[in-house]
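Trainee: Next comes input.tsv, TSV, C-alpha atoms:
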chain	number	residue	atom	x	y	z
A	1	MET	CA	-2.12	-96.11	10.06
A	2	ALA	CA	-4.46	-96.79	13.00
A	3	ASP	CA	-2.19	-99.65	14.10
A	4	ARG	CA	0.98	-97.50	14.21
A	5	ILE	CA	2.44	-96.86	17.62
A	6	PHE	CA	4.16	-93.47	18.08
A	7	THR	CA	6.78	-92.54	20.54
A	8	VAL	CA	6.06	-89.38	22.49
A	9	SER	CA	8.75	-87.51	20.59
A	10	GLU	CA	7.37	-88.68	17.26
A	11	LEU	CA	3.86	-87.60	18.12
A	12	ASN	CA	4.95	-84.20	19.42
A	13	GLY	CA	7.06	-83.71	16.31
A	14	TYR	CA	4.16	-84.68	14.05
A	15	ILE	CA	1.84	-82.18	15.77
A	16	LYS	CA	4.54	-79.51	15.58
A	17	ASP	CA	4.90	-80.08	11.83
A	18	MET	CA	1.13	-79.77	11.41
A	19	LEU	CA	1.00	-76.46	13.28
A	20	ASP	CA	4.08	-75.08	11.53
A	21	SER	CA	2.57	-75.83	8.13
A	22	ASP	CA	-0.68	-74.01	8.96
A	23	VAL	CA	-0.51	-70.62	7.20
A	24	LEU	CA	-3.05	-69.03	9.55
A	25	LEU	CA	-1.05	-69.97	12.64
A	26	SER	CA	2.26	-68.74	11.16
A	27	GLU	CA	1.19	-65.08	11.55
A	28	VAL	CA	-1.49	-64.58	14.14
A	29	TYR	CA	-2.62	-61.67	16.35
A	30	VAL	CA	-3.95	-62.48	19.82
A	31	ARG	CA	-5.66	-60.00	22.14
A	32	GLY	CA	-5.59	-60.57	25.87
A	33	GLU	CA	-4.29	-59.62	29.30
A	34	LEU	CA	-0.69	-60.20	30.34
A	35	SER	CA	-0.08	-62.51	33.27
A	36	ASN	CA	3.00	-64.05	34.91
A	37	TYR	CA	5.31	-61.82	32.90
A	38	LYS	CA	8.97	-62.69	33.54
A	39	MET	CA	12.20	-61.42	32.00
A	40	TYR	CA	15.14	-63.77	32.35
A	41	PRO	CA	18.86	-62.87	32.40
A	42	SER	CA	19.16	-64.51	28.99
A	43	GLY	CA	16.99	-61.72	27.57
A	44	HIS	CA	14.05	-64.01	26.80
A	45	HIS	CA	10.56	-63.03	28.02
A	46	TYR	CA	8.00	-65.62	29.18
A	47	PHE	CA	4.37	-64.76	29.88
A	48	THR	CA	0.73	-65.78	29.53
A	49	VAL	CA	-2.02	-64.05	27.58
A	50	LYS	CA	-5.47	-64.71	28.97
A	51	ASP	CA	-9.07	-63.66	28.73
A	52	ALA	CA	-12.06	-64.53	30.91
A	53	GLU	CA	-12.22	-68.15	29.76
A	54	ALA	CA	-8.76	-69.31	28.60
A	55	SER	CA	-5.02	-68.66	28.67
A	56	LEU	CA	-2.16	-69.08	26.20
A	57	ARG	CA	1.50	-69.57	27.04
A	58	CYS	CA	3.86	-67.27	25.16
A	59	VAL	CA	7.57	-66.72	24.74
A	60	MET	CA	9.44	-63.78	23.19
A	61	PHE	CA	13.09	-64.40	22.45
A	62	ARG	CA	15.74	-61.79	23.07
A	63	SER	CA	16.13	-60.91	19.37
A	64	SER	CA	12.51	-59.69	19.34
A	65	ALA	CA	12.37	-58.38	22.92
A	66	VAL	CA	15.07	-55.78	22.30
A	67	ASN	CA	12.65	-53.98	19.96
A	68	LEU	CA	10.01	-53.41	22.67
A	69	ARG	CA	9.24	-49.70	23.11
A	70	PHE	CA	7.54	-50.07	26.48
A	71	ARG	CA	7.85	-52.23	29.56
A	72	PRO	CA	5.17	-54.94	29.59
A	73	GLY	CA	3.69	-55.92	32.94
A	74	ASP	CA	0.98	-58.05	34.49
A	75	GLY	CA	-2.53	-56.76	33.93
A	76	MET	CA	-1.79	-54.87	30.73
A	77	ASN	CA	-4.17	-55.42	27.82
A	78	VAL	CA	-2.09	-56.11	24.74
A	79	ILE	CA	-2.14	-57.48	21.21
A	80	VAL	CA	0.55	-60.08	20.60
A	81	PHE	CA	1.77	-60.97	17.12
A	82	GLY	CA	3.62	-64.19	16.40
A	83	ARG	CA	3.30	-67.83	15.36
A	84	VAL	CA	1.80	-70.83	17.11
A	85	SER	CA	3.92	-73.95	17.46
A	86	VAL	CA	4.64	-76.84	19.80
A	87	TYR	CA	7.55	-77.11	22.20
A	88	PRO	CA	8.33	-80.80	21.62
A	89	ARG	CA	9.91	-81.46	25.00
A	90	ASP	CA	6.73	-80.60	26.91
A	91	GLY	CA	4.22	-81.37	24.21
A	92	ALA	CA	2.51	-78.02	24.86
A	93	TYR	CA	1.67	-75.52	22.17
A	94	GLN	CA	2.54	-71.88	22.71
A	95	LEU	CA	2.72	-68.56	20.93
A	96	TYR	CA	6.21	-67.46	19.82
A	97	ALA	CA	5.77	-63.68	20.00
A	98	ARG	CA	7.55	-61.26	17.70
A	99	GLU	CA	5.71	-58.06	18.69
A	100	ILE	CA	3.68	-56.81	21.65
A	101	THR	CA	1.50	-53.73	21.26
A	102	PRO	CA	-0.61	-52.12	24.00
A	103	ASP	CA	-4.23	-52.77	23.14
A	104	GLY	CA	-6.13	-49.66	22.06
A	105	VAL	CA	-3.09	-47.66	20.90
A	106	GLY	CA	-2.09	-49.65	17.88
A	107	ASP	CA	-2.62	-46.75	15.47
A	108	LEU	CA	-0.74	-44.31	17.70
A	109	TYR	CA	2.09	-46.75	18.10
A	110	ILE	CA	2.43	-47.16	14.35
A	111	ALA	CA	2.33	-43.39	13.88
A	112	TYR	CA	4.99	-43.02	16.57
A	113	GLU	CA	7.30	-45.49	14.85
A	114	GLN	CA	6.75	-43.95	11.43
A	115	LEU	CA	7.53	-40.41	12.66
A	116	LYS	CA	10.53	-41.66	14.57
A	117	GLU	CA	11.90	-43.31	11.42
A	118	LYS	CA	11.28	-40.15	9.38
A	119	LEU	CA	13.01	-37.81	11.82
A	120	LEU	CA	15.87	-40.28	12.22
A	121	LYS	CA	16.50	-40.14	8.47
A	122	ASP	CA	16.28	-36.32	8.57
A	123	GLY	CA	19.10	-36.29	11.13
A	124	LEU	CA	17.16	-34.72	14.03
A	125	PHE	CA	18.51	-37.30	16.46
A	126	GLU	CA	22.19	-36.89	15.51
A	127	GLN	CA	24.54	-36.31	18.44
A	128	GLN	CA	26.47	-33.67	16.50
A	129	TYR	CA	23.48	-31.29	16.74
A	130	LYS	CA	23.13	-31.59	20.53
A	131	LYS	CA	23.96	-28.28	22.21
A	132	PRO	CA	25.85	-28.29	25.52
A	133	LEU	CA	23.95	-27.06	28.56
A	134	PRO	CA	25.18	-23.88	30.27
A	135	ARG	CA	27.10	-24.74	33.40
A	136	PHE	CA	25.60	-21.97	35.53
A	137	PRO	CA	22.27	-20.90	33.94
A	138	MET	CA	20.85	-17.70	35.39
A	139	THR	CA	17.46	-17.78	33.64
A	140	ILE	CA	15.53	-21.01	33.02
A	141	ALA	CA	12.30	-21.16	31.02
A	142	VAL	CA	9.87	-23.98	31.87
A	143	ILE	CA	7.31	-24.86	29.19
A	144	THR	CA	4.61	-26.97	30.82
A	145	SER	CA	1.17	-26.87	32.37
A	146	PRO	CA	0.99	-24.23	35.13
A	147	VAL	CA	-1.32	-26.39	37.25
A	148	GLY	CA	0.40	-29.79	37.10
A	149	ALA	CA	2.61	-31.41	39.69
A	150	ALA	CA	5.53	-31.30	37.24
A	151	VAL	CA	5.92	-27.50	37.38
A	152	ARG	CA	5.80	-27.50	41.19
A	153	ASP	CA	8.49	-30.19	41.37
A	154	ILE	CA	10.73	-28.31	38.91
A	155	ILE	CA	10.42	-24.97	40.73
A	156	LYS	CA	11.00	-26.58	44.12
A	157	ILE	CA	14.18	-28.36	43.04
A	158	LEU	CA	15.55	-25.39	41.07
A	159	LYS	CA	15.13	-23.08	44.07
A	160	ALA	CA	16.72	-25.60	46.41
A	161	ARG	CA	19.70	-26.40	44.17
A	162	TRP	CA	20.38	-23.03	42.52
A	163	PRO	CA	18.36	-20.25	44.20
A	164	MET	CA	20.04	-17.43	42.25
A	165	ALA	CA	18.48	-18.66	38.98
A	166	LYS	CA	15.42	-16.88	37.63
A	167	VAL	CA	12.61	-19.25	36.61
A	168	LEU	CA	10.18	-18.23	33.85
A	169	ILE	CA	7.01	-20.26	33.42
A	170	ALA	CA	5.59	-20.48	29.89
A	171	PRO	CA	2.08	-21.87	30.55
A	172	VAL	CA	0.82	-24.27	27.88
A	173	ARG	CA	-1.52	-27.18	27.59
A	174	VAL	CA	0.31	-30.50	27.57
A	175	GLN	CA	-2.59	-32.70	26.55
A	176	GLY	CA	-5.04	-32.63	23.67
A	177	VAL	CA	-4.96	-31.32	20.11
A	178	GLU	CA	-4.37	-27.72	21.25
A	179	ALA	CA	-1.16	-28.63	23.07
A	180	PRO	CA	1.34	-28.97	20.17
A	181	PRO	CA	0.76	-25.46	18.70
A	182	GLU	CA	1.03	-23.90	22.15
A	183	ILE	CA	4.29	-25.69	22.91
A	184	VAL	CA	5.71	-24.67	19.51
A	185	ASP	CA	4.68	-21.02	20.04
A	186	ALA	CA	6.30	-20.97	23.49
A	187	LEU	CA	9.57	-22.37	22.12
A	188	ARG	CA	9.64	-19.82	19.31
A	189	PHE	CA	8.78	-16.89	21.61
A	190	ILE	CA	11.56	-17.74	24.06
A	191	ASN	CA	14.11	-18.11	21.26
A	192	GLU	CA	13.09	-14.97	19.37
A	193	ASN	CA	13.27	-12.85	22.53
A	194	ASN	CA	16.29	-14.67	24.00
A	195	CYS	CA	14.44	-14.96	27.30
A	196	ALA	CA	16.47	-17.74	28.89
A	197	ASP	CA	19.78	-19.59	29.03
A	198	LEU	CA	18.05	-22.96	29.18
A	199	ILE	CA	14.61	-24.43	28.41
A	200	ILE	CA	12.86	-27.31	30.18
A	201	THR	CA	9.74	-28.68	28.51
A	202	GLY	CA	7.63	-31.65	29.49
A	203	ARG	CA	4.96	-33.02	31.77
A	204	GLY	CA	4.29	-35.84	34.20
A	205	GLY	CA	3.61	-39.39	33.16
A	206	GLY	CA	0.46	-40.69	31.55
A	207	SER	CA	-0.91	-42.89	28.82
A	208	ILE	CA	0.40	-42.72	25.29
A	209	GLU	CA	-2.57	-40.53	24.39
A	210	ASP	CA	-1.71	-38.12	27.21
A	211	LEU	CA	1.91	-37.88	26.11
A	212	TRP	CA	1.09	-37.61	22.41
A	213	PRO	CA	1.74	-33.82	22.06
A	214	PHE	CA	5.40	-34.59	22.66
A	215	ASN	CA	5.28	-37.10	19.80
A	216	ASP	CA	4.08	-34.37	17.43
A	217	GLU	CA	6.35	-33.53	14.47
A	218	ARG	CA	5.81	-29.78	14.92
A	219	VAL	CA	7.05	-29.93	18.50
A	220	ALA	CA	10.03	-32.09	17.52
A	221	ARG	CA	11.15	-29.67	14.79
A	222	ALA	CA	10.66	-26.64	17.07
A	223	ILE	CA	12.92	-28.24	19.68
A	224	PHE	CA	15.51	-29.05	17.01
A	225	GLN	CA	15.46	-25.47	15.68
A	226	SER	CA	15.84	-23.92	19.14
A	227	THR	CA	19.12	-22.03	19.54
A	228	ILE	CA	18.71	-22.30	23.32
A	229	PRO	CA	19.51	-25.75	24.79
A	230	VAL	CA	16.39	-27.80	25.58
A	231	ILE	CA	15.90	-30.50	28.22
A	232	SER	CA	12.98	-32.84	27.54
A	233	ALA	CA	11.27	-34.04	30.74
A	234	VAL	CA	8.29	-36.13	29.70
A	235	GLY	CA	6.74	-38.73	31.96
A	236	HIS	CA	8.53	-41.45	33.81
A	237	GLU	CA	11.46	-43.64	32.82
A	238	PRO	CA	9.62	-46.15	30.54
A	239	ASP	CA	7.95	-43.32	28.57
A	240	VAL	CA	10.18	-42.27	25.66
A	241	THR	CA	8.76	-39.65	23.30
A	242	ILE	CA	9.98	-38.14	20.06
A	243	ALA	CA	10.80	-34.95	21.99
A	244	ASP	CA	13.22	-36.99	24.14
A	245	PHE	CA	15.17	-38.07	21.05
A	246	VAL	CA	15.37	-34.55	19.57
A	247	ALA	CA	16.15	-32.58	22.75
A	248	ASP	CA	19.71	-31.72	23.71
A	249	LEU	CA	19.26	-33.76	26.89
A	250	ARG	CA	16.61	-36.20	28.03
A	251	ALA	CA	15.55	-36.35	31.67
A	252	ALA	CA	13.71	-39.33	33.12
A	253	THR	CA	11.25	-37.11	35.03
A	254	PRO	CA	10.56	-33.38	35.47
A	255	SER	CA	12.32	-33.55	38.84
A	256	ASN	CA	15.34	-35.13	37.20
A	257	ALA	CA	15.31	-32.35	34.58
A	258	ALA	CA	15.64	-29.73	37.32
A	259	GLU	CA	18.54	-31.66	38.85
A	260	LEU	CA	20.32	-31.86	35.49
A	261	ALA	CA	19.67	-28.20	34.64
A	262	VAL	CA	21.59	-26.59	37.48
A	263	PRO	CA	24.47	-27.44	39.81
A	264	ASP	CA	23.94	-27.86	43.52
A	265	VAL	CA	24.74	-24.62	45.35
A	266	GLY	CA	26.21	-26.52	48.29
A	267	ASP	CA	28.56	-28.50	46.03
A	268	THR	CA	29.50	-25.31	44.18
A	269	LEU	CA	30.32	-23.47	47.41
A	270	ALA	CA	32.38	-26.42	48.59
A	271	MET	CA	34.23	-26.46	45.27
A	272	LEU	CA	34.87	-22.70	45.51
A	273	GLY	CA	36.18	-23.17	49.04
A	274	THR	CA	38.58	-25.85	47.85
A	275	LEU	CA	39.71	-23.67	44.96
A	276	GLU	CA	40.26	-20.74	47.34
A	277	ILE	CA	42.50	-22.86	49.57
A	278	ARG	CA	44.46	-24.15	46.58
A	279	MET	CA	44.82	-20.62	45.19
A	280	CYS	CA	46.10	-19.27	48.50
A	281	GLN	CA	48.59	-22.12	48.76
A	282	ALA	CA	49.79	-21.48	45.20
A	283	ILE	CA	50.22	-17.74	45.88
A	284	SER	CA	52.09	-18.50	49.08
A	285	ARG	CA	54.47	-20.86	47.29
A	286	ASP	CA	55.01	-18.32	44.53
A	287	LEU	CA	55.80	-15.54	47.03
A	288	THR	CA	58.27	-17.80	48.84
A	289	LEU	CA	60.08	-18.58	45.59
A	290	ARG	CA	60.16	-14.91	44.59
A	291	ARG	CA	61.53	-13.85	48.00
A	292	ARG	CA	64.24	-16.49	47.68
A	293	ARG	CA	65.09	-15.27	44.19
A	294	LEU	CA	65.18	-11.66	45.40
A	295	THR	CA	67.60	-12.62	48.15
A	296	GLU	CA	69.85	-14.43	45.68
A	297	LEU	CA	69.86	-11.43	43.34
A	298	SER	CA	70.54	-8.98	46.15
A	299	ASN	CA	73.71	-10.92	46.97
A	300	LYS	CA	75.05	-10.61	43.44
A	301	ARG	CA	78.26	-8.48	43.14
A	302	ALA	CA	76.65	-6.41	40.39
A	303	LEU	CA	73.96	-5.23	42.77
A	304	GLN	CA	76.38	-4.64	45.65
A	305	SER	CA	78.73	-2.41	43.57
A	306	LEU	CA	78.23	-1.13	40.05
A	307	GLN	CA	82.02	-0.83	39.61
A	308	TYR	CA	82.35	-4.59	40.23
A	309	PHE	CA	79.87	-5.22	37.44
A	310	ILE	CA	81.72	-2.87	35.03
A	311	ASP	CA	85.10	-4.43	35.87
A	312	ASP	CA	83.76	-7.93	35.27
A	313	LYS	CA	82.37	-6.89	31.89
A	314	ARG	CA	85.68	-5.26	30.92
A	315	VAL	CA	87.56	-8.45	31.73
A	316	LEU	CA	85.01	-10.41	29.72
A	317	ILE	CA	85.37	-8.05	26.74
A	318	ASP	CA	89.18	-8.31	26.81
A	319	ARG	CA	88.98	-12.08	27.00
A	320	ASN	CA	86.52	-12.25	24.11
A	321	GLN	CA	88.73	-9.85	22.09
A	322	ASP	CA	91.79	-12.05	22.60
A	323	MET	CA	89.84	-15.16	21.64
A	324	LEU	CA	88.42	-13.46	18.54
A	325	CYS	CA	91.83	-12.19	17.38
A	326	ALA	CA	93.43	-15.59	17.94
A	327	ALA	CA	90.64	-17.23	15.98
A	328	MET	CA	91.04	-14.73	13.10
A	329	ARG	CA	94.86	-15.16	13.01
A	330	GLY	CA	94.47	-18.92	12.93
A	331	LYS	CA	91.91	-18.76	10.15
A	332	LEU	CA	94.06	-16.33	8.11
A	333	HIS	CA	97.10	-18.58	8.49
A	334	ARG	CA	95.16	-21.63	7.39
A	335	ASN	CA	93.76	-19.77	4.34
A	336	ARG	CA	97.25	-18.58	3.31
A	337	GLU	CA	98.59	-22.11	3.48
A	338	ARG	CA	95.68	-23.36	1.41
A	339	TYR	CA	96.23	-20.56	-1.11
A	340	GLY	CA	99.89	-21.52	-1.47
A	341	ARG	CA	99.01	-25.17	-2.07
A	342	LEU	CA	96.40	-24.32	-4.69
A	343	ALA	CA	98.74	-21.82	-6.49
A	344	ALA	CA	101.53	-24.42	-6.63
A	345	SER	CA	99.13	-27.03	-8.02
A	346	LEU	CA	97.83	-24.58	-10.63
A	347	ASP	CA	101.37	-23.50	-11.63
A	348	ALA	CA	102.42	-27.12	-12.05
A	349	MET	CA	99.56	-27.70	-14.47
A	350	SER	CA	100.07	-24.42	-16.43
A	351	PRO	CA	100.97	-24.86	-20.14
A	352	LEU	CA	103.39	-21.85	-19.78
A	353	LYS	CA	105.62	-24.08	-17.67
A	354	VAL	CA	105.91	-26.45	-20.61
A	355	LEU	CA	106.71	-23.57	-23.00
A	356	GLY	CA	109.42	-22.37	-20.63
A	357	ARG	CA	111.30	-25.58	-21.21
A	358	GLY	CA	111.63	-24.82	-24.97
A	359	TYR	CA	108.39	-26.17	-26.29
A	360	ALA	CA	105.98	-24.18	-28.54
A	361	ILE	CA	102.29	-24.26	-29.48
A	362	ALA	CA	101.30	-23.72	-33.15
A	363	ARG	CA	97.81	-22.48	-34.02
A	364	ARG	CA	96.04	-21.72	-37.24
A	365	GLU	CA	94.37	-18.38	-37.83
A	366	ASP	CA	91.04	-19.88	-36.81
A	367	GLY	CA	92.54	-20.79	-33.41
A	368	LEU	CA	92.79	-24.55	-34.02
A	369	ILE	CA	95.90	-26.06	-32.43
A	370	ILE	CA	98.05	-27.80	-35.04
A	371	LYS	CA	98.73	-31.41	-34.08
A	372	ALA	CA	99.82	-32.81	-37.46
A	373	ALA	CA	101.15	-31.58	-40.84
A	374	SER	CA	97.83	-32.47	-42.39
A	375	ASP	CA	96.19	-29.73	-40.32
A	376	VAL	CA	97.81	-27.01	-42.55
A	377	SER	CA	98.59	-26.33	-46.18
A	378	ALA	CA	101.32	-24.38	-48.00
A	379	GLY	CA	100.72	-20.67	-47.69
A	380	ASP	CA	98.66	-20.87	-44.49
A	381	ARG	CA	99.44	-18.32	-41.83
A	382	ILE	CA	100.02	-19.71	-38.37
A	383	ALA	CA	101.00	-18.37	-34.91
A	384	VAL	CA	103.66	-20.08	-32.84
A	385	ARG	CA	103.45	-19.46	-29.09
A	386	VAL	CA	106.76	-19.69	-27.23
A	387	ALA	CA	107.49	-19.01	-23.58
A	388	ARG	CA	107.31	-15.20	-23.74
A	389	ASP	CA	106.16	-14.21	-27.24
A	390	GLU	CA	104.14	-15.28	-30.21
A	391	ILE	CA	105.74	-15.64	-33.69
A	392	LYS	CA	103.72	-15.17	-36.91
A	393	CYS	CA	104.76	-17.67	-39.59
A	394	VAL	CA	103.79	-18.81	-43.10
A	395	VAL	CA	103.76	-22.46	-44.09
A	396	GLU	CA	106.01	-23.05	-47.15
A	397	CYS	CA	105.33	-26.70	-47.81
Could you write out this file's structure as structure tokens?
Mentor:
Amino acid sequence: MADRIFTVSELNGYIKDMLDSDVLLSEVYVRGELSNYKMYPSGHHYFTVKDAEASLRCVMFRSSAVNLRFRPGDGMNVIVFGRVSVYPRDGAYQLYAREITPDGVGDLYIAYEQLKEKLLKDGLFEQQYKKPLPRFPMTIAVITSPVGAAVRDIIKILKARWPMAKVLIAPVRVQGVEAPPEIVDALRFINENNCADLIITGRGGGSIEDLWPFNDERVARAIFQSTIPVISAVGHEPDVTIADFVADLRAATPSNAAELAVPDVGDTLAMLGTLEIRMCQAISRDLTLRRRRLTELSNKRALQSLQYFIDDKRVLIDRNQDMLCAAMRGKLHRNRERYGRLAASLDAMSPLKVLGRGYAIARREDGLIIKAASDVSAGDRIAVRVARDEIKCVVEC
């Protein structure tokens, strides 16, 4: 064995087989810091996991990368799960990643996925339950922290875009264990008292722990049960919470929620101006057509002289009377001719015609027509029908 000479491909393949057959390396978790993270157009992700003393090349293929729930980036501390193998072409071993989890939030991440799966099965994410937003809301309730930047951004944009709307602030905590009950109570209060046409709930961005109240099942079910449409505005674009899935509309940021909640007053005024012009043009066209029609009607003979109208109608009545009488005479003539043809046909087929030529019909007392001597016996009474009378007879033999 020591004397065998390998080709490079053979040696790399042999090492790959050794690593692939190692059970420990087939499912391994590695903790480290992301570095050189790159996403290629193919959908594959290439990166390095490192610590203070070493680094490990990694690849995550597209089939696994599509399941990522966050956007990995350089400097993030993560736990990578996958298998260790060799890429034969380069002869370098690397980790083929199947999952990437932010380090320190593994339990929260699992809880998030479990709750998401549960609510998905319960139908809380179904599109059929999404309520449409009011086009011109006049009262908007904002459920968020009264001291955060999110509430200031929402109020500023709402006042700029739709100043006639009334904004109600429902102050709640948006972080910590006390936050979920407060958010739920605010949602229920607004719905029970019908305080608003639209609800915006959310907060600015933060870590998964900061956003966790909006991953709470109680909050999710309260949003789902709301009869008033709810916009979820939690964090920044990469942060997707359970509340985002349940809400009637998800906004990327609180500022975006305010933009989606109301129309722009300038655009609305411009639209109304355009509609006003179109309406005036339509009314003008309609008036022109009606004036033209009035002129045409005023030139009618019936409107110039009532006697002309009466004379025209008399002529029309006489003409219709002549046509009706002619039609009736024609129909009566045709029916008489048809009657004559049918009567002649019936007379030709009448048995009385035959009797008139000297023939007779003999019948027994029971009404049976006698066709042969065997139909009667001596002494039987029979009736003989001639052209005009009926003769009673007795059979002698």
Trainee: Go through A:Ser374, A:Thr295, A:Asn12, A:Asn77 and flag the residue nearest Pro102 of chain A, using only C-alpha atoms for the distances.
Mentor: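 Selected residue with least distance to Pro102 of chain A: A:Asn77.
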Trainee: Counting only C-alpha atoms, which residue out of A:Cys58, A:Tyr129, A:Pro137, A:Gly75 sits closest to Arg98 of chain A?
Mentor: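 Between A:Cys58, A:Tyr129, A:Pro137, A:Gly75, the residue approaching Arg98 of chain A most closely is A:Cys58.
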Trainee: Please report the interatomic distance between atom CA of Ile208 of chain A and atom CA of Val177 of chain A in Å with one decimal.
Mentor: 13.6 Å
Trainee: With the cut-off set at 12 Å and counting all atoms listed in the file, tabulate each residue of segment 110-142 of chain A with an atom at most that distance from an atom of segment 224-232 of chain A, showing the nearest atom pair and its distance in Å to one decimal, ordered by chain and increasing number, as a tab-separated table.
Mentor:
residue	atom	partner	partner_atom	distance
A:Leu119	CA	A:Phe224	CA	10.5
A:Asp122	CA	A:Phe224	CA	11.2
A:Gly123	CA	A:Phe224	CA	10.0
A:Leu124	CA	A:Phe224	CA	6.6
A:Phe125	CA	A:Phe224	CA	8.8
A:Glu126	CA	A:Phe224	CA	10.4
A:Gln127	CA	A:Phe224	CA	11.7
A:Gln128	CA	A:Phe224	CA	11.9
A:Tyr129	CA	A:Phe224	CA	8.3
A:Lys130	CA	A:Pro229	CA	8.1
A:Lys131	CA	A:Pro229	CA	5.7
A:Pro132	CA	A:Pro229	CA	6.9
A:Leu133	CA	A:Pro229	CA	6.0
A:Pro134	CA	A:Pro229	CA	8.1
A:Arg135	CA	A:Pro229	CA	11.5
A:Pro137	CA	A:Pro229	CA	10.7
A:Thr139	CA	A:Ile228	CA	11.3
A:Ile140	CA	A:Val230	CA	10.1
A:Ala141	CA	A:Val230	CA	9.5
A:Val142	CA	A:Ile231	CA	9.6
Trainee: Identify which of the residues A:Ser284, A:Thr268, A:Ser55, A:Ser35 lies closest to Trp162 of chain A, counting all atoms listed in the file when measuring atom-to-atom distances.
Mentor: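 Of the candidates, the smallest distance to Trp162 of chain A is held by A:Thr268.
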Trainee: To one decimal place in Å, what is the distance between atom CA of Tyr93 of chain A and atom CA of Met18 of chain A?
Mentor: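 Between these atoms lies a distance of 11.6 Å.
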Trainee: In terms of the shortest atom-to-atom distance over only C-alpha atoms, which of A:His44, A:Arg301, A:Lys166, A:Arg173 is closest to Ala196 of chain A?
Mentor: A:Lys166
Trainee: What separation in Å, quoted to one decimal, exists between atom CA of Asp103 of chain A and atom CA of Glu209 of chain A?
Mentor: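 Computing the Euclidean distance for atom CA of Asp103 of chain A and atom CA of Glu209 of chain A yields 12.4 Å.
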Trainee: Considering only C-alpha atoms, return as a ChimeraX atom specification whatever protein or nucleic-acid residues lie within 12 Å of segment 148-151 of chain A, sequence-local ones (same chain, fewer than 3 positions apart) excluded.
Mentor: /A:141-145,154-158,167-175,200-205,233-236,253-258
Trainee: Can you report as AutoDock Vina command-line options the centre and edge lengths in Å, to one decimal, of an axis-aligned box around the listed atoms of segment 208-227 of chain A padded with 8 Å on each side?
Mentor:
--center_x 8.3 --center_y -32.4 --center_z 20.8 --size_x 37.7 --size_y 36.7 --size_z 28.7
Trainee: Residues within 8 Å of Ile242 of chain A, please, as an MDAnalysis selection string. Count all atoms listed in the file; anything in the same chain fewer than 3 positions from it doesn't count.
Mentor: chainID A and resid 112 116 214:216 220 245:246
Trainee: Could those selected residues go to a file with C-alpha atoms, as a PDB file, in the coordinates of the input?
Mentor:
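Generated output (again_11.pdb):
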ATOM      1  CA  TYR A 112       4.990 -43.020  16.570  1.00  0.00           C
ATOM      2  CA  LYS A 116      10.530 -41.660  14.570  1.00  0.00           C
ATOM      3  CA  PHE A 214       5.400 -34.590  22.660  1.00  0.00           C
ATOM      4  CA  ASN A 215       5.280 -37.100  19.800  1.00  0.00           C
ATOM      5  CA  ASP A 216       4.080 -34.370  17.430  1.00  0.00           C
ATOM      6  CA  ALA A 220      10.030 -32.090  17.520  1.00  0.00           C
ATOM      7  CA  PHE A 245      15.170 -38.070  21.050  1.00  0.00           C
ATOM      8  CA  VAL A 246      15.370 -34.550  19.570  1.00  0.00           C
TER       9      VAL A 246
END
Trainee: Using only C-alpha atoms, which protein or nucleic acid residues come within 7 Å of Val184 of chain A? Drop anything in the same chain fewer than 3 positions from it, and give the result as a list of chain:residue names.
Mentor: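 Returned residues: A:Pro180, A:Pro181, A:Leu187, A:Arg188, A:Arg218, A:Val219, A:Ala222.
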Trainee: Using all atoms listed in the file, can you list as a short mmCIF file (atom, residue, chain, number, x, y, z; two decimals) with C-alpha atoms, keeping the file's coordinate frame the residues within 10 Å of (8.0, -60.1, 29.1)?
Mentor:
data_model
loop_
_atom_site.label_atom_id
_atom_site.label_comp_id
_atom_site.auth_asym_id
_atom_site.auth_seq_id
_atom_site.Cartn_x
_atom_site.Cartn_y
_atom_site.Cartn_z
CA LEU A 34 -0.69 -60.20 30.34
CA SER A 35 -0.08 -62.51 33.27
CA ASN A 36 3.00 -64.05 34.91
CA TYR A 37 5.31 -61.82 32.90
CA LYS A 38 8.97 -62.69 33.54
CA MET A 39 12.20 -61.42 32.00
CA TYR A 40 15.14 -63.77 32.35
CA GLY A 43 16.99 -61.72 27.57
CA HIS A 44 14.05 -64.01 26.80
CA HIS A 45 10.56 -63.03 28.02
CA TYR A 46 8.00 -65.62 29.18
CA PHE A 47 4.37 -64.76 29.88
CA THR A 48 0.73 -65.78 29.53
CA CYS A 58 3.86 -67.27 25.16
CA VAL A 59 7.57 -66.72 24.74
CA MET A 60 9.44 -63.78 23.19
CA PHE A 61 13.09 -64.40 22.45
CA ARG A 62 15.74 -61.79 23.07
CA ALA A 65 12.37 -58.38 22.92
CA LEU A 68 10.01 -53.41 22.67
CA ARG A 71 7.85 -52.23 29.56
CA PRO A 72 5.17 -54.94 29.59
CA GLY A 73 3.69 -55.92 32.94
CA ASP A 74 0.98 -58.05 34.49
CA ILE A 100 3.68 -56.81 21.65
#
